[in-house]
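One file, model_28.csv, carrying CSV, C-alpha atoms:
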```csv
chain,number,residue,atom,x,y,z
T,22,MET,CA,9.2,-14.0,17.1
T,23,LYS,CA,10.4,-10.4,16.6
T,24,GLN,CA,13.4,-11.1,18.9
T,25,LYS,CA,14.4,-14.1,16.8
T,26,LEU,CA,14.1,-12.0,13.7
T,27,MET,CA,16.3,-9.3,15.1
T,28,ALA,CA,19.0,-12.0,15.8
T,29,PHE,CA,19.4,-12.4,12.1
T,30,LEU,CA,19.9,-8.7,11.4
T,31,VAL,CA,22.6,-6.2,12.0
T,32,LEU,CA,20.9,-3.4,13.8
T,33,MET,CA,22.3,-0.1,14.9
T,34,THR,CA,20.1,2.3,16.8
T,35,ILE,CA,22.7,4.9,17.8
T,36,ILE,CA,25.5,6.1,15.5
T,37,THR,CA,27.9,8.5,17.0
T,38,THR,CA,30.5,10.6,15.1
T,39,PRO,CA,33.5,9.0,16.7
T,40,LEU,CA,32.2,5.5,15.7
T,41,LEU,CA,31.7,6.6,12.1
T,42,ALA,CA,35.2,8.2,12.1
T,43,GLN,CA,36.6,4.8,13.0
T,44,THR,CA,34.6,2.8,10.4
T,45,THR,CA,34.4,5.3,7.5
T,46,PRO,CA,36.0,3.9,4.3
T,47,ALA,CA,39.0,5.5,2.7
T,48,SER,CA,36.7,7.3,0.3
T,49,GLY,CA,35.4,9.3,3.2
T,50,LEU,CA,31.8,8.1,2.5
T,51,THR,CA,29.8,5.9,4.7
T,52,LYS,CA,27.1,3.9,2.8
T,53,ILE,CA,24.3,2.8,5.1
T,54,GLY,CA,21.4,0.9,3.6
T,55,TYR,CA,18.0,0.1,5.0
T,56,THR,CA,15.1,-2.2,4.3
T,57,ASN,CA,11.9,-3.6,5.7
T,58,VAL,CA,12.4,-7.2,6.5
T,59,ASP,CA,8.7,-7.9,7.2
T,60,TYR,CA,7.8,-6.4,3.8
T,61,VAL,CA,10.4,-8.6,2.1
T,62,ILE,CA,9.2,-11.7,3.7
T,63,GLY,CA,5.7,-11.0,2.8
T,64,LYS,CA,6.6,-10.8,-0.9
T,65,LEU,CA,8.2,-14.3,-1.0
T,66,PRO,CA,6.3,-17.3,-2.5
T,67,GLU,CA,7.4,-19.3,0.5
T,68,SER,CA,5.4,-16.9,2.7
T,69,LYS,CA,2.2,-17.6,0.9
T,70,VAL,CA,2.8,-21.4,1.2
T,71,MET,CA,3.4,-20.9,4.9
T,72,GLN,CA,0.2,-19.0,5.3
T,73,ASN,CA,-1.8,-21.7,3.5
T,74,GLN,CA,-0.3,-24.4,5.7
T,75,LEU,CA,-1.1,-22.4,8.8
T,76,GLU,CA,-4.7,-21.9,7.6
T,77,VAL,CA,-5.1,-25.7,7.0
T,78,THR,CA,-3.7,-26.4,10.5
T,79,LYS,CA,-6.1,-23.9,12.0
T,80,ALA,CA,-9.1,-25.4,10.2
T,81,GLN,CA,-8.2,-28.8,11.5
T,82,LEU,CA,-7.9,-27.5,15.1
T,83,ASP,CA,-11.1,-25.5,14.8
T,84,LYS,CA,-13.0,-28.6,13.6
T,85,ALA,CA,-11.8,-30.7,16.5
T,86,LEU,CA,-12.7,-28.0,19.0
T,87,GLY,CA,-16.1,-27.5,17.3
T,88,GLU,CA,-16.9,-31.2,17.6
T,89,THR,CA,-16.0,-31.2,21.3
T,90,TYR,CA,-18.1,-28.1,21.9
T,91,LYS,CA,-21.1,-29.6,20.1
T,92,GLU,CA,-20.8,-32.6,22.3
T,93,ALA,CA,-20.7,-30.5,25.4
T,94,GLN,CA,-23.6,-28.4,24.2
T,95,GLU,CA,-25.8,-31.4,23.5
T,96,LYS,CA,-25.1,-32.9,26.9
T,97,TYR,CA,-25.8,-29.6,28.7
T,98,GLU,CA,-29.1,-29.3,26.9
T,99,ALA,CA,-30.1,-32.8,27.9
T,100,TYR,CA,-29.1,-32.1,31.5
T,101,GLN,CA,-31.3,-29.0,31.5
T,102,LYS,CA,-34.2,-30.9,30.1
T,103,ASN,CA,-34.0,-34.0,32.4
T,104,GLY,CA,-32.1,-32.7,35.4
T,105,ALA,CA,-35.3,-32.3,37.5
T,106,ASN,CA,-36.0,-36.0,37.2
T,107,MET,CA,-32.5,-37.2,37.9
T,108,THR,CA,-31.4,-38.8,41.2
T,109,ASP,CA,-28.8,-37.0,43.2
T,110,VAL,CA,-26.1,-39.6,42.1
T,111,ILE,CA,-26.9,-39.3,38.4
T,112,ARG,CA,-27.2,-35.5,38.6
T,113,ALA,CA,-23.8,-35.2,40.2
T,114,ASP,CA,-22.3,-37.5,37.6
T,115,LYS,CA,-23.7,-35.4,34.8
T,116,GLU,CA,-22.4,-32.2,36.3
T,117,LYS,CA,-19.0,-33.8,36.7
T,118,GLU,CA,-19.1,-34.8,33.0
T,119,LEU,CA,-20.0,-31.3,32.0
T,120,GLN,CA,-17.2,-29.9,34.1
T,121,ASN,CA,-14.7,-32.3,32.5
T,122,LEU,CA,-15.9,-31.3,29.0
T,123,GLN,CA,-15.4,-27.6,30.0
T,124,THR,CA,-11.8,-28.3,31.1
T,125,ARG,CA,-11.2,-30.3,27.9
T,126,ILE,CA,-12.4,-27.4,25.7
T,127,GLU,CA,-10.1,-25.0,27.5
T,128,GLU,CA,-7.2,-27.3,27.1
T,129,MET,CA,-7.9,-27.8,23.4
T,130,ARG,CA,-8.2,-24.0,23.0
T,131,ASN,CA,-4.8,-23.4,24.7
T,132,ASN,CA,-3.1,-26.3,22.8
T,133,ALA,CA,-4.4,-25.0,19.5
T,134,GLN,CA,-2.8,-21.6,20.2
T,135,THR,CA,0.5,-23.2,21.1
T,136,SER,CA,0.4,-25.6,18.1
T,137,LEU,CA,-0.2,-22.7,15.7
T,138,GLN,CA,2.6,-20.6,17.1
T,139,THR,CA,5.1,-23.6,17.1
T,140,LYS,CA,4.2,-24.5,13.5
T,141,GLN,CA,4.6,-20.8,12.4
T,142,GLN,CA,8.1,-20.6,14.0
T,143,GLN,CA,9.1,-23.9,12.2
T,144,LEU,CA,7.9,-22.7,8.9
T,145,LEU,CA,9.3,-19.2,9.3
T,146,GLU,CA,12.8,-20.3,10.3
T,147,PRO,CA,14.1,-21.2,6.9
T,148,ILE,CA,12.5,-18.1,5.4
T,149,LEU,CA,14.3,-15.9,7.8
T,150,THR,CA,17.6,-17.7,7.1
T,151,LYS,CA,17.1,-17.2,3.3
T,152,VAL,CA,16.3,-13.5,3.7
T,153,ASN,CA,19.3,-13.0,6.0
T,154,ASN,CA,21.6,-14.6,3.5
T,155,ALA,CA,20.3,-12.3,0.8
T,156,ILE,CA,20.8,-9.3,3.0
T,157,GLN,CA,24.4,-10.3,3.7
T,158,GLU,CA,25.1,-10.8,-0.1
T,159,VAL,CA,23.5,-7.5,-1.0
T,160,GLY,CA,25.4,-5.7,1.7
T,161,LYS,CA,28.7,-7.0,0.4
T,162,GLU,CA,27.9,-6.5,-3.3
T,163,ALA,CA,26.5,-3.0,-2.9
T,164,GLY,CA,29.2,-1.9,-0.5
T,165,PHE,CA,27.0,-1.0,2.4
T,166,LEU,CA,28.6,-0.6,5.8
T,167,PHE,CA,25.3,-1.4,7.5
T,168,ILE,CA,21.8,-2.4,6.4
T,169,LEU,CA,19.3,-1.4,9.0
T,170,ASN,CA,15.8,-2.8,9.5
T,171,MET,CA,13.5,0.2,9.4
T,172,ASP,CA,10.6,-1.7,11.2
T,173,ALA,CA,11.4,-2.5,14.8
T,174,GLY,CA,8.1,-4.2,15.3
T,175,ALA,CA,4.5,-3.6,16.3
T,176,GLY,CA,4.1,-0.8,18.8
T,177,THR,CA,7.6,0.5,18.4
T,178,THR,CA,9.2,3.5,16.8
T,179,PRO,CA,10.8,2.7,13.4
T,180,ILE,CA,14.6,2.7,13.5
T,181,ILE,CA,14.8,4.8,10.3
T,182,LEU,CA,12.9,8.0,10.9
T,183,PHE,CA,14.1,10.0,8.0
T,184,ALA,CA,15.8,9.3,4.6
T,185,ALA,CA,16.7,12.1,2.3
T,186,SER,CA,16.3,9.8,-0.8
T,187,GLU,CA,15.6,6.2,-1.8
T,188,GLU,CA,19.1,5.7,-3.0
T,189,ASN,CA,20.1,3.6,0.0
T,190,ASN,CA,16.8,1.6,0.2
T,191,ALA,CA,18.2,-1.9,-0.3
T,192,THR,CA,14.7,-3.5,-0.4
T,193,ASN,CA,14.5,-4.0,-4.2
T,194,LEU,CA,18.1,-5.3,-4.3
T,195,ILE,CA,17.2,-7.9,-1.7
T,196,LEU,CA,14.0,-8.9,-3.4
T,197,ARG,CA,15.9,-9.4,-6.7
T,198,LYS,CA,18.5,-11.5,-4.9
T,199,LEU,CA,15.6,-13.6,-3.6
T,200,GLY,CA,14.2,-14.1,-7.1
T,201,VAL,CA,11.3,-11.6,-6.8
T,202,ASP,CA,10.9,-8.9,-9.4
T,203,PRO,CA,10.1,-5.7,-7.5
T,204,ASP,CA,8.7,-4.1,-10.7
T,205,LYS,CA,5.8,-6.6,-10.6
T,206,ILE,CA,4.8,-5.7,-7.1
T,207,GLU,CA,3.9,-2.4,-5.4
T,208,ALA,CA,6.7,0.0,-4.7
T,209,ALA,CA,8.9,-0.8,-1.7
T,210,PRO,CA,7.8,1.1,1.4
T,211,ALA,CA,9.7,4.3,2.2
T,212,ALA,CA,11.7,4.7,5.4
T,213,GLY,CA,9.5,4.7,8.5
T,214,THR,CA,6.6,2.9,6.9
T,215,ALA,CA,5.8,-0.2,9.0
T,216,THR,CA,4.2,-2.4,6.4
T,217,LYS,CA,3.1,-5.7,7.8
T,218,PRO,CA,2.7,-8.5,5.3
T,219,ALA,CA,-0.2,-11.0,5.9
T,220,ALA,CA,2.2,-13.9,5.7
T,221,THR,CA,4.1,-12.9,8.8
T,222,THR,CA,1.1,-11.9,10.8
T,223,PRO,CA,0.7,-14.4,13.6
T,224,ALA,CA,-2.2,-16.8,12.8
T,225,ALA,CA,-5.5,-16.1,14.5
T,226,GLY,CA,-6.1,-18.4,17.5
T,227,THR,CA,-8.8,-20.9,17.6
T,228,PRO,CA,-12.0,-19.0,18.3
T,229,LYS,CA,-13.8,-19.5,21.5
T,230,PRO,CA,-17.3,-20.9,21.6
T,231,ALA,CA,-20.2,-18.5,22.2
T,232,ALA,CA,-21.2,-17.3,25.6
T,233,THR,CA,-23.6,-20.2,26.0
T,234,SER,CA,-20.6,-22.6,26.5
T,235,PRO,CA,-21.0,-25.4,29.0
T,236,ALA,CA,-18.7,-23.4,31.2
T,237,THR,CA,-21.8,-22.1,33.0
T,238,ALA,CA,-23.7,-25.3,33.1
T,239,PRO,CA,-23.4,-26.2,36.8
T,240,ALA,CA,-24.6,-22.8,37.7
T,241,THR,CA,-28.0,-23.6,36.3
T,242,THR,CA,-28.4,-26.9,38.0
T,243,PRO,CA,-32.1,-27.4,38.9
T,244,LYS,CA,-32.9,-28.1,42.5
T,245,LYS,CA,-34.1,-31.5,43.4
T,246,LYS,CA,-37.8,-31.7,44.0
```

Any chance you could give the structure as structure tokens?
Amino acid sequence: MKQKLMAFLVLMTIITTPLLAQTTPASGLTKIGYTNVDYVIGKLPESKVMQNQLEVTKAQLDKALGETYKEAQEKYEAYQKNGANMTDVIRADKEKELQNLQTRIEEMRNNAQTSLQTKQQQLLEPILTKVNNAIQEVGKEAGFLFILNMDAGAGTTPIILFAASEENNATNLILRKLGVDPDKIEAAPAAGTATKPAATTPAAGTPKPAATSPATAPATTPKKK
């Protein structure tokens, strides 16, 4: 996701004097802006809509997984209760059924993760495009040579480590271009602040059942008397 995000942005991690000498405007000044794309995305109404849709999808997946787990739990308890009185053939059939349910739960769990990630990417794509277009427009209108993303992602060092002032912080300009009034939200983060909006946080995966899952059912198979 972060790699796709970076594809929409103009990033520059190393700026050398010769390069600036070649690209410096006639005025002799180089205007470089910066922003926090994740912060901007998190302040858009579309992001809240996206988060709500992801939560609805997750709830549906959780419900389906919960029903399957309940079925497996009930059959496992019945197996424990009556296993001693079963014939070898019936016992083997019940154990196979429990194993199949275990496999089914694992597949549903994995599919739920994939489904949530795919849906998030689909919902986020137009938001990224909208933000990128706003950045391009602000860059041209404000005369920036570059607009850098100060948050390189989780676990990484921010691209902007120091800014002498907020003069070149383009965040509020971008928010206004997107129709969001920055005066009605908290102040835009300073350089180097990696603020992560909830709207862009990957949705939590479908929770796994408790440790008493049927995954261990066959291990407790009672011995035939």

Length of the atom CA of Asp59 of chain T to atom CA of Asp172 of chain T vector [Å] =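 Between atom CA of Asp59 of chain T and atom CA of Asp172 of chain T the gap works out to 7.6 Å.
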
Identify which of the residues T:Ala175, T:Ala85, T:Val110, T:Ile181 lies closest to Asn132 of chain T, counting all atoms listed in the file when measuring atom-to-atom distances.
-> T:Ala85

Among the residues T:Met171, T:Val201, T:Met129, T:Leu194, the one that comes closest to Val159 of chain T [using all atoms listed in the file] | T:Leu194

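Closest to Glu188 of chain T among T:Gly176, T:Asn170, T:Met71, T:Phe165 is T:Phe165, based on all atoms listed in the file.
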
Starting from the point (17.6, 4.8, 1.5), work out which residues of protein, DNA or RNA have an atom no more than 8 Å away when counting only C-alpha atoms; state them as a PyMOL selection string.
-> chain T and resi 53-56+184-191+211-212
